[in-house]
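Asks: My structure file work-v1.txt, compact mmCIF, C-alpha atoms and all ligand atoms, is below:
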# COMPACT_ATOMS: atom_id res chain seq x y z
CA MET A 870 0.00 0.00 0.00
CA ARG A 871 1.27 3.52 -0.81
CA LEU A 872 2.64 5.23 2.26
CA ASN A 873 0.27 8.22 2.08
CA ARG A 874 -2.73 5.90 1.92
CA TYR A 875 -1.41 3.86 4.82
CA LEU A 876 -1.08 7.00 6.96
CA ALA A 877 -4.65 7.90 6.10
CA THR A 878 -5.93 4.48 7.21
CA CYS A 879 -4.16 5.13 10.51
CA GLY A 880 -6.31 8.22 11.04
CA ILE A 881 -3.24 10.48 11.05
CA ALA A 882 -4.15 12.76 8.17
CA SER A 883 -5.79 12.85 4.77
CA ARG A 884 -3.74 11.35 1.97
CA ARG A 885 -2.80 14.81 0.79
CA SER A 886 -1.63 16.02 4.20
CA ALA A 887 0.18 12.72 4.60
CA GLU A 888 2.20 13.53 1.48
CA ALA A 889 3.31 16.79 3.07
CA MET A 890 4.39 14.89 6.18
CA ILE A 891 6.39 12.46 4.08
CA VAL A 892 8.10 15.18 2.07
CA GLY A 893 8.72 17.08 5.30
CA GLY A 894 10.79 14.15 6.59
CA ARG A 895 8.51 13.34 9.48
CA VAL A 896 7.95 9.70 8.57
CA LEU A 897 10.24 6.74 9.33
CA ILE A 898 9.80 3.20 8.06
CA ASN A 899 11.72 0.60 10.03
CA GLY A 900 13.92 3.33 11.42
CA LYS A 901 14.74 4.96 8.03
CA LYS A 902 13.55 8.43 7.06
CA ILE A 903 11.40 8.24 3.92
CA THR A 904 10.73 11.24 1.69
CA ASP A 905 9.87 9.47 -1.58
CA LEU A 906 6.11 9.64 -2.16
CA ALA A 907 6.18 6.45 -4.24
CA THR A 908 7.24 4.36 -1.22
CA THR A 909 4.97 1.46 -0.36
CA VAL A 910 4.42 -0.09 3.03
CA SER A 911 3.43 -3.54 4.20
CA PRO A 912 1.10 -3.09 7.19
CA GLU A 913 1.98 -6.53 8.61
CA ARG A 914 5.74 -6.23 8.30
CA ASP A 915 6.76 -2.59 8.51
CA VAL A 916 6.96 -0.35 11.55
CA VAL A 917 5.93 3.19 10.65
CA LEU A 918 6.63 6.20 12.88
CA VAL A 919 5.27 9.72 12.45
CA ASP A 920 7.03 12.34 14.55
CA GLY A 921 8.58 9.50 16.52
CA LYS A 922 5.23 7.82 17.32
CA LYS A 923 4.22 4.42 16.00
CA VAL A 924 1.08 4.53 13.87
CA GLU A 925 -1.27 1.63 13.10
CA PRO A 926 -4.37 1.24 10.94
CA ILE A 927 -7.70 1.67 12.65
CA ARG A 928 -9.34 -1.72 12.56
CA LYS A 929 -13.05 -2.24 12.66
CA MET A 930 -13.93 -2.94 16.26
CA VAL A 931 -16.46 -5.68 16.82
CA TYR A 932 -18.31 -6.57 20.01
CA VAL A 933 -20.23 -9.82 20.34
CA LEU A 934 -22.58 -11.01 23.07
CA LEU A 935 -22.80 -14.81 23.25
CA TYR A 936 -25.01 -17.00 25.40
CA LYS A 937 -22.31 -19.53 26.20
CA PRO A 938 -23.63 -23.04 26.75
CA LYS A 939 -21.98 -25.51 29.12
CA GLY A 940 -19.29 -27.71 27.63
CA TYR A 941 -17.33 -24.98 25.84
CA ILE A 942 -14.07 -23.45 27.03
CA THR A 943 -13.14 -19.79 26.69
CA THR A 944 -9.35 -20.11 26.69
CA ALA A 945 -7.31 -20.40 23.50
CA ASN A 946 -4.81 -23.20 22.75
CA ASP A 947 -6.43 -26.04 24.65
CA GLU A 948 -4.18 -29.10 24.53
CA LEU A 949 -7.07 -31.45 25.23
CA GLY A 950 -8.86 -30.35 22.05
CA ARG A 951 -12.06 -29.39 23.86
CA LYS A 952 -14.81 -27.35 22.21
CA ASN A 953 -14.07 -23.64 22.19
CA VAL A 954 -16.56 -20.75 22.23
CA LEU A 955 -14.95 -19.37 19.08
CA GLU A 956 -16.52 -22.29 17.19
CA LEU A 957 -19.92 -20.80 17.99
CA VAL A 958 -19.29 -17.32 16.59
CA LYS A 959 -18.59 -17.21 12.89
CA LEU A 960 -17.01 -13.88 12.00
CA LYS A 961 -14.18 -12.87 9.72
CA GLU A 962 -12.64 -10.59 12.34
CA ARG A 963 -10.33 -12.21 14.86
CA ILE A 964 -11.99 -11.89 18.22
CA PHE A 965 -11.28 -13.16 21.72
CA PRO A 966 -13.40 -13.66 24.85
CA ILE A 967 -13.38 -10.92 27.47
CA GLY A 968 -12.43 -12.85 30.60
CA ARG A 969 -13.36 -16.42 31.32
CA LEU A 970 -16.36 -18.56 32.00
CA ASP A 971 -15.61 -22.09 33.21
CA ARG A 972 -16.40 -24.99 30.90
CA ASN A 973 -19.20 -25.99 33.29
CA SER A 974 -20.62 -22.48 33.52
CA GLU A 975 -23.03 -20.92 31.09
CA GLY A 976 -24.31 -17.46 30.32
CA LEU A 977 -23.23 -14.09 29.10
CA LEU A 978 -19.85 -13.92 27.41
CA LEU A 979 -18.52 -10.90 25.54
CA LEU A 980 -16.04 -11.27 22.70
CA THR A 981 -14.19 -8.50 20.87
CA ASN A 982 -11.08 -7.43 19.00
CA ASP A 983 -10.86 -4.24 21.09
CA GLY A 984 -7.98 -4.88 23.45
CA ASP A 985 -8.36 -1.63 25.36
CA MET A 986 -12.03 -2.21 26.07
CA ALA A 987 -11.37 -5.84 27.07
CA PHE A 988 -8.62 -4.79 29.46
CA ARG A 989 -10.84 -2.23 31.12
CA LEU A 990 -13.86 -4.50 31.40
CA MET A 991 -11.77 -7.17 33.12
CA HIS A 992 -9.74 -4.93 35.41
CA PRO A 993 -11.28 -4.56 38.90
CA ARG A 994 -10.17 -0.90 38.97
CA PHE A 995 -12.98 -0.05 36.55
CA LYS A 996 -15.54 -1.76 38.81
CA VAL A 997 -17.78 -3.24 36.14
CA ASP A 998 -20.26 -5.56 37.87
CA LYS A 999 -20.92 -9.12 36.78
CA THR A 1000 -23.95 -10.98 38.10
CA TYR A 1001 -24.07 -14.75 38.57
CA ARG A 1002 -26.98 -17.02 39.39
CA VAL A 1003 -25.97 -20.08 41.35
CA ARG A 1004 -27.79 -23.30 42.20
CA LEU A 1005 -26.23 -24.99 45.20
CA GLU A 1006 -26.26 -28.65 46.15
CA THR A 1007 -27.44 -27.68 49.66
CA PRO A 1008 -29.52 -24.77 51.00
CA PHE A 1009 -27.65 -21.52 51.56
CA ARG A 1010 -27.68 -20.40 55.19
CA GLU A 1011 -28.89 -16.82 55.56
CA GLN A 1012 -26.15 -15.92 58.07
CA ASP A 1013 -23.49 -16.70 55.42
CA PHE A 1014 -24.50 -13.76 53.19
CA GLU A 1015 -22.51 -11.47 55.49
CA ALA A 1016 -19.29 -13.16 54.34
CA PHE A 1017 -19.72 -11.72 50.82
CA SER A 1018 -19.81 -8.14 52.07
CA ASN A 1019 -16.92 -8.74 54.50
CA GLY A 1020 -14.71 -10.48 51.91
CA ILE A 1021 -13.82 -14.15 51.79
CA GLU A 1022 -10.30 -15.43 52.36
CA LEU A 1023 -9.08 -17.35 49.29
CA GLU A 1024 -5.58 -18.67 48.54
CA ASP A 1025 -4.91 -15.59 46.34
CA GLY A 1026 -6.11 -13.13 49.00
CA ILE A 1027 -9.32 -11.78 50.45
CA THR A 1028 -12.09 -10.94 47.98
CA SER A 1029 -13.46 -7.42 47.56
CA PRO A 1030 -16.85 -6.84 49.13
CA CYS A 1031 -19.67 -7.99 46.88
CA LYS A 1032 -23.43 -8.38 47.02
CA ALA A 1033 -25.39 -11.61 47.32
CA GLY A 1034 -28.94 -12.64 48.06
CA TYR A 1035 -31.60 -15.28 47.51
CA LEU A 1036 -33.12 -15.34 44.07
CA SER A 1037 -36.49 -16.86 44.93
CA ASP A 1038 -38.17 -18.88 47.65
CA SER A 1039 -35.68 -21.67 47.08
CA PRO A 1040 -32.76 -21.47 49.55
CA ASN A 1041 -30.60 -23.35 47.04
CA LEU A 1042 -30.72 -20.47 44.54
CA ILE A 1043 -28.65 -17.35 45.08
CA GLU A 1044 -27.41 -14.41 43.03
CA ILE A 1045 -23.95 -12.86 43.46
CA ARG A 1046 -22.76 -9.56 42.01
CA LEU A 1047 -19.05 -8.76 41.93
CA HIS A 1048 -16.58 -6.71 39.94
CA GLU A 1049 -13.49 -8.85 40.46
CA GLY A 1050 -12.81 -11.58 37.93
CA ARG A 1051 -10.43 -14.10 39.45
CA ASN A 1052 -10.34 -17.64 38.11
CA HIS A 1053 -13.23 -19.77 39.38
CA GLN A 1054 -13.97 -16.99 41.83
CA VAL A 1055 -17.63 -17.72 42.50
CA ARG A 1056 -17.03 -21.45 42.93
CA ARG A 1057 -14.04 -20.83 45.17
CA MET A 1058 -15.92 -18.34 47.37
CA LEU A 1059 -18.77 -20.77 47.81
CA ASN A 1060 -16.44 -23.71 48.42
CA ALA A 1061 -14.69 -21.64 51.11
CA LEU A 1062 -18.05 -21.26 52.84
CA GLY A 1063 -18.66 -25.02 52.61
CA TYR A 1064 -20.99 -25.18 49.56
CA GLU A 1065 -20.86 -27.12 46.30
CA VAL A 1066 -22.08 -25.45 43.12
CA ALA A 1067 -24.60 -27.43 41.07
CA ALA A 1068 -25.02 -24.83 38.31
CA LEU A 1069 -23.55 -21.42 37.56
CA LYS A 1070 -24.81 -18.88 35.05
CA ARG A 1071 -23.66 -15.33 34.34
CA VAL A 1072 -26.75 -13.25 33.66
CA GLN A 1073 -25.38 -9.73 33.46
CA TYR A 1074 -22.14 -7.96 32.52
CA GLY A 1075 -22.20 -4.23 33.25
CA PRO A 1076 -25.34 -2.93 31.52
CA LEU A 1077 -25.76 -6.03 29.31
CA THR A 1078 -28.06 -9.01 29.86
CA LEU A 1079 -28.93 -12.20 27.99
CA LYS A 1080 -32.38 -10.93 27.09
CA GLY A 1081 -33.61 -12.29 23.76
CA LEU A 1082 -30.87 -14.90 23.29
CA ALA A 1083 -31.17 -18.67 23.56
CA ARG A 1084 -28.24 -20.91 24.49
CA SER A 1085 -25.45 -20.82 21.85
CA GLU A 1086 -26.99 -17.79 20.15
CA TRP A 1087 -25.02 -14.59 19.72
CA ARG A 1088 -25.46 -11.11 18.38
CA MET A 1089 -23.45 -7.98 17.74
CA LEU A 1090 -23.78 -5.24 20.33
CA THR A 1091 -25.68 -2.18 19.16
CA GLN A 1092 -23.91 1.17 18.92
CA PHE A 1093 -25.85 2.27 21.96
CA GLU A 1094 -24.64 -0.72 23.95
CA VAL A 1095 -21.04 -0.10 22.92
CA MET A 1096 -21.43 3.47 24.10
CA GLN A 1097 -22.83 2.23 27.41
CA LEU A 1098 -19.79 -0.02 27.83
CA ARG A 1099 -17.42 2.81 26.95
CA LYS A 1100 -19.08 4.93 29.62
CA ALA A 1101 -18.93 2.09 32.14
CA VAL A 1102 -15.13 1.81 31.75
CA GLY A 1103 -14.43 5.54 31.58
CA LEU A 1104 -13.46 5.59 27.89
CA VAL A 1105 -16.01 8.22 26.97
CA LYS A 1106 -14.62 10.65 29.53
CA THR A 1107 -11.10 10.05 28.22
CA GLU A 1108 -12.22 10.86 24.68
CA GLU A 1109 -14.01 14.01 25.82
CA ARG A 1110 -10.86 15.18 27.61
CA GLN A 1111 -8.80 14.54 24.48
CA ARG A 1112 -11.30 16.47 22.35
CA LYS A 1113 -11.20 19.41 24.77
CA ARG A 1114 -7.40 19.41 24.68
CA GLY A 1115 -7.67 19.84 20.91
CA PRO A 1116 -5.78 18.12 18.11
CA GLN A 1117 -2.41 16.66 19.01
CA LYS A 1118 0.59 18.68 17.91
CA ASN A 1119 1.89 17.61 14.51
CA HIS A 1120 -1.06 15.30 13.80
CA HIS A 1121 -2.97 17.47 11.37
CA ARG A 1122 -6.32 16.51 9.96
CA ASP A 1123 -7.87 18.16 6.93
N1 LIG B 1201 -16.80 -17.76 38.73
C1 LIG B 1201 -16.60 -19.09 38.60
O1 LIG B 1201 -16.28 -19.78 39.55
N2 LIG B 1201 -16.77 -19.62 37.39
C2 LIG B 1201 -17.14 -18.91 36.31
O2 LIG B 1201 -17.28 -19.48 35.23
C3 LIG B 1201 -17.32 -17.54 36.47
C4 LIG B 1201 -17.14 -16.99 37.70
What's the structure tokens form of this structure?
Ligand code: URA

Replies:
Amino acid sequence: MRLNRYLATCGIASRRSAEAMIVGGRVLINGKKITDLATTVSPERDVVLVDGKKVEPIRKMVYVLLYKPKGYITTANDELGRKNVLELVKLKERIFPIGRLDRNSEGLLLLTNDGDMAFRLMHPRFKVDKTYRVRLETPFREQDFEAFSNGIELEDGITSPCKAGYLSDSPNLIEIRLHEGRNHQVRRMLNALGYEVAALKRVQYGPLTLKGLARSEWRMLTQFEVMQLRKAVGLVKTEERQRKRGPQKNHHRD
């Protein structure tokens, strides 16, 4: 691809302004200053810097909401060859699950190619709640709910306070809402209190629910939902701040 076009796909400038940048000696390819407008670039192989900053093409971001059924794993590269959630979502974009759901768990799983969003949704600092419905092998004792708000001692440290309560008249059914995302966290918290989990389902992730989806079904998030997620992880505020600060020095747009 011609260098000026490449710079345009990176959102740096129009093709015409990109030419001025090239001629002005502001562009390096693999460490070498390039001023020839006929230069081509291979997006996979070449490292392109403008004013000393690496630039990359804007990819189309995709966000998928899947109703994960039991029996599928969410981690890549499984040596045992077990079924993977990626087999359920047929898309040409390369996507990955945001966080994990155990093979024996079901429910709401988000997948994306947006690394920044995934990082923020998973990081406890951004405090995005996840809600789990749990069926226990034995009735849950009311006095044990307090443990969730106090924190439960696990081998990787005490858990952050979270909310839990009965879901219905059945004492075997409870709902837990937390923003941490440690491995097997819900099962481990319940095991620590002396319970065995019979079934575990994630029903909500931030503002998103499973409404309208059957097991194994998936859909793209709407623009509104993506905006809700961006707000939930503080990305919208960041963008507003950047807009207020004005265009970055040396990164002209037509
Ligand atoms: N906590 C668990 O223990 N398992 C899950 O799949 C999700 C949360």

Asks: Could the residues that lie within 8 Å of ligand LIG 1201 (chain B), counting only C-alpha atoms and all ligand atoms, be listed as a list of chain:residue names?

Replies: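 Protein and nucleic-acid residues within 8 Å of ligand LIG 1201 (chain B): A:Arg969, A:Leu970, A:Asp971, A:Arg972, A:Asn973, A:Ser974, A:Glu975, A:Tyr1001, A:Gly1050, A:Arg1051, A:Asn1052, A:His1053, A:Gln1054, A:Val1055, A:Arg1056, A:Arg1057, A:Met1058, A:Leu1069, A:Lys1070, A:Arg1071.
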
Asks: Please identify all polymer residues within 10 Å of stretch 1024-1039 of chain A, counting all atoms listed in the file, omitting same-chain residues fewer than 4 positions from it, and present them as number ranges by chain.

Replies: A: 993, 998, 1000-1004, 1008-1009, 1011, 1013-1020, 1043-1049, 1051, 1054, 1057-1058, 1061

Asks: The selected residues should be written to file as a PDB file, in the frame of the given file (atoms: C-alpha atoms).

Replies:
ATOM      1  CA  PRO A 993     -11.280  -4.560  38.900  1.00  0.00           C
ATOM      2  CA  ASP A 998     -20.260  -5.560  37.870  1.00  0.00           C
ATOM      3  CA  THR A1000     -23.950 -10.980  38.100  1.00  0.00           C
ATOM      4  CA  TYR A1001     -24.070 -14.750  38.570  1.00  0.00           C
ATOM      5  CA  ARG A1002     -26.980 -17.020  39.390  1.00  0.00           C
ATOM      6  CA  VAL A1003     -25.970 -20.080  41.350  1.00  0.00           C
ATOM      7  CA  ARG A1004     -27.790 -23.300  42.200  1.00  0.00           C
ATOM      8  CA  PRO A1008     -29.520 -24.770  51.000  1.00  0.00           C
ATOM      9  CA  PHE A1009     -27.650 -21.520  51.560  1.00  0.00           C
ATOM     10  CA  GLU A1011     -28.890 -16.820  55.560  1.00  0.00           C
ATOM     11  CA  ASP A1013     -23.490 -16.700  55.420  1.00  0.00           C
ATOM     12  CA  PHE A1014     -24.500 -13.760  53.190  1.00  0.00           C
ATOM     13  CA  GLU A1015     -22.510 -11.470  55.490  1.00  0.00           C
ATOM     14  CA  ALA A1016     -19.290 -13.160  54.340  1.00  0.00           C
ATOM     15  CA  PHE A1017     -19.720 -11.720  50.820  1.00  0.00           C
ATOM     16  CA  SER A1018     -19.810  -8.140  52.070  1.00  0.00           C
ATOM     17  CA  ASN A1019     -16.920  -8.740  54.500  1.00  0.00           C
ATOM     18  CA  GLY A1020     -14.710 -10.480  51.910  1.00  0.00           C
ATOM     19  CA  ILE A1043     -28.650 -17.350  45.080  1.00  0.00           C
ATOM     20  CA  GLU A1044     -27.410 -14.410  43.030  1.00  0.00           C
ATOM     21  CA  ILE A1045     -23.950 -12.860  43.460  1.00  0.00           C
ATOM     22  CA  ARG A1046     -22.760  -9.560  42.010  1.00  0.00           C
ATOM     23  CA  LEU A1047     -19.050  -8.760  41.930  1.00  0.00           C
ATOM     24  CA  HIS A1048     -16.580  -6.710  39.940  1.00  0.00           C
ATOM     25  CA  GLU A1049     -13.490  -8.850  40.460  1.00  0.00           C
ATOM     26  CA  ARG A1051     -10.430 -14.100  39.450  1.00  0.00           C
ATOM     27  CA  GLN A1054     -13.970 -16.990  41.830  1.00  0.00           C
ATOM     28  CA  ARG A1057     -14.040 -20.830  45.170  1.00  0.00           C
ATOM     29  CA  MET A1058     -15.920 -18.340  47.370  1.00  0.00           C
ATOM     30  CA  ALA A1061     -14.690 -21.640  51.110  1.00  0.00           C
TER      31      ALA A1061
END

Asks: Taking only residues of stretch 969-995 of chain A that have an atom at most 10 Å from an atom of stretch 1086-1097 of chain A, what is each one's shortest atom pair and its distance in Å to one decimal, using all atoms listed in the file, in chain and number order, as a Markdown table?

Replies:
| residue | atom | partner | partner_atom | distance |
| --- | --- | --- | --- | --- |
| A:Leu977 | CA | A:Trp1087 | CA | 9.6 |
| A:Leu978 | CA | A:Trp1087 | CA | 9.3 |
| A:Leu979 | CA | A:Leu1090 | CA | 9.3 |
| A:Leu980 | CA | A:Met1089 | CA | 9.5 |
| A:Thr981 | CA | A:Met1089 | CA | 9.8 |
| A:Met986 | CA | A:Val1095 | CA | 9.8 |

Asks: Give me, please, the distance in Å between atom CA of A:Leu897 and atom CA of A:Arg885, quoted to one decimal.

Replies: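 Rounded to one decimal, the two atoms are 17.6 Å apart.
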
Asks: In terms of the shortest atom-to-atom distance over all atoms listed in the file, which of A:Leu934, A:Met890, A:Val917, A:Ala945 is closest to A:Val958?

Replies: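 Among the listed residues, the smallest separation from A:Val958 belongs to A:Leu934.
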
Asks: Would you mind reading off the distance between atom CA of A:Ala1101 and atom CA of A:Lys929, one decimal, in Å?

Replies: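 Taking atom CA of A:Ala1101 and atom CA of A:Lys929, their separation equals 20.8 Å.
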
Asks: Have a look at A:Leu949, A:Leu918, A:Leu935, A:Ile964 and name the one nearest to A:Thr1078; count all atoms listed in the file.

Replies: A:Leu935

Asks: Taking all atoms of stretch 885-901 of chain A that the file lists, what box with edges along x, y and z, padded by 6 Å per side, do you get, with centre and edge lengths in Å to one decimal, as AutoDock Vina command-line options?

Replies:
--center_x 6.0 --center_y 8.8 --center_z 6.1 --size_x 29.5 --size_y 28.5 --size_z 22.6

Asks: Just want the 7 Å neighbourhood of A:Asn873, counted on all atoms listed in the file, with same-chain residues fewer than 4 positions away dropped. Output as an MDAnalysis selection string.

Replies: chainID A and resid 877 884 887:888

Asks: Could you give me, as a list in words, the residues within 12 Å of A:Phe988, counting all atoms listed in the file and dropping anything in the same chain fewer than 2 positions from it?

Replies: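 These residues fall inside the cut-off: Phe965, Pro966, Ile967, Gly968, Leu980, Thr981, Asn982, Asp983, Gly984, Asp985, Met986, Leu990, Met991, His992, Pro993, Arg994, Phe995, Val997, Gly1050, Arg1099, Val1102 and Leu1104 of chain A.
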
Asks: One number please: atom CA of A:Gly894 to atom CA of A:Glu913, in Å, one decimal.

Replies: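 That distance, rounded to one decimal, is 22.6 Å.
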
Asks: Could you rebuild stretch 960-982 of chain A with N, CA, C and O atoms and give me the result as a tab-separated table (two decimals), in the coordinates of the input?

Replies:
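The result, written out as result_35.tsv:
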chain	number	residue	atom	x	y	z
A	960	LEU	N	-17.27	-15.25	12.43
A	960	LEU	CA	-17.01	-13.88	12.00
A	960	LEU	C	-15.67	-13.85	11.29
A	960	LEU	O	-14.79	-14.64	11.63
A	961	LYS	N	-15.49	-12.90	10.38
A	961	LYS	CA	-14.18	-12.87	9.72
A	961	LYS	C	-13.14	-12.14	10.57
A	961	LYS	O	-11.96	-12.41	10.47
A	962	GLU	N	-13.59	-11.26	11.45
A	962	GLU	CA	-12.64	-10.59	12.34
A	962	GLU	C	-12.12	-11.56	13.40
A	962	GLU	O	-12.86	-12.44	13.84
A	963	ARG	N	-10.88	-11.38	13.78
A	963	ARG	CA	-10.33	-12.21	14.86
A	963	ARG	C	-10.77	-11.62	16.19
A	963	ARG	O	-10.46	-10.47	16.49
A	964	ILE	N	-11.51	-12.40	16.94
A	964	ILE	CA	-11.99	-11.89	18.22
A	964	ILE	C	-11.54	-12.83	19.34
A	964	ILE	O	-11.12	-13.95	19.09
A	965	PHE	N	-11.66	-12.34	20.56
A	965	PHE	CA	-11.28	-13.16	21.72
A	965	PHE	C	-12.27	-12.89	22.85
A	965	PHE	O	-12.87	-11.81	22.90
A	966	PRO	N	-12.45	-13.86	23.74
A	966	PRO	CA	-13.40	-13.66	24.85
A	966	PRO	C	-12.87	-12.64	25.86
A	966	PRO	O	-11.66	-12.60	26.11
A	967	ILE	N	-13.76	-11.85	26.41
A	967	ILE	CA	-13.38	-10.92	27.47
A	967	ILE	C	-13.52	-11.67	28.79
A	967	ILE	O	-14.62	-11.91	29.28
A	968	GLY	N	-12.42	-12.10	29.34
A	968	GLY	CA	-12.43	-12.85	30.60
A	968	GLY	C	-12.86	-14.29	30.35
A	968	GLY	O	-12.98	-14.73	29.21
A	969	ARG	N	-13.07	-15.00	31.45
A	969	ARG	CA	-13.36	-16.42	31.32
A	969	ARG	C	-14.73	-16.77	31.86
A	969	ARG	O	-15.26	-16.08	32.72
A	970	LEU	N	-15.25	-17.87	31.34
A	970	LEU	CA	-16.36	-18.56	32.00
A	970	LEU	C	-15.93	-20.02	31.99
A	970	LEU	O	-15.51	-20.53	30.95
A	971	ASP	N	-16.04	-20.69	33.13
A	971	ASP	CA	-15.61	-22.09	33.21
A	971	ASP	C	-16.36	-22.95	32.19
A	971	ASP	O	-17.49	-22.62	31.80
A	972	ARG	N	-15.76	-24.08	31.86
A	972	ARG	CA	-16.40	-24.99	30.90
A	972	ARG	C	-17.80	-25.39	31.40
A	972	ARG	O	-18.75	-25.50	30.63
A	973	ASN	N	-17.92	-25.56	32.72
A	973	ASN	CA	-19.20	-25.99	33.29
A	973	ASN	C	-20.16	-24.85	33.58
A	973	ASN	O	-21.23	-25.08	34.13
A	974	SER	N	-19.73	-23.63	33.30
A	974	SER	CA	-20.62	-22.48	33.52
A	974	SER	C	-21.28	-22.12	32.20
A	974	SER	O	-20.77	-22.44	31.13
A	975	GLU	N	-22.39	-21.41	32.31
A	975	GLU	CA	-23.03	-20.92	31.09
A	975	GLU	C	-23.35	-19.44	31.27
A	975	GLU	O	-23.15	-18.88	32.34
A	976	GLY	N	-23.84	-18.83	30.20
A	976	GLY	CA	-24.31	-17.46	30.32
A	976	GLY	C	-23.58	-16.47	29.47
A	976	GLY	O	-22.97	-16.81	28.45
A	977	LEU	N	-23.64	-15.22	29.93
A	977	LEU	CA	-23.23	-14.09	29.10
A	977	LEU	C	-21.71	-14.01	28.95
A	977	LEU	O	-20.98	-13.90	29.92
A	978	LEU	N	-21.28	-14.07	27.70
A	978	LEU	CA	-19.85	-13.92	27.41
A	978	LEU	C	-19.70	-12.87	26.32
A	978	LEU	O	-20.36	-12.94	25.28
A	979	LEU	N	-18.81	-11.91	26.56
A	979	LEU	CA	-18.52	-10.90	25.54
A	979	LEU	C	-17.25	-11.28	24.80
A	979	LEU	O	-16.30	-11.81	25.41
A	980	LEU	N	-17.24	-11.03	23.51
A	980	LEU	CA	-16.04	-11.27	22.70
A	980	LEU	C	-15.79	-10.02	21.86
A	980	LEU	O	-16.73	-9.35	21.44
A	981	THR	N	-14.52	-9.73	21.62
A	981	THR	CA	-14.19	-8.50	20.87
A	981	THR	C	-12.81	-8.60	20.25
A	981	THR	O	-12.06	-9.54	20.54
A	982	ASN	N	-12.46	-7.59	19.44
A	982	ASN	CA	-11.08	-7.43	19.00
A	982	ASN	C	-10.51	-6.12	19.56
A	982	ASN	O	-9.47	-5.65	19.14
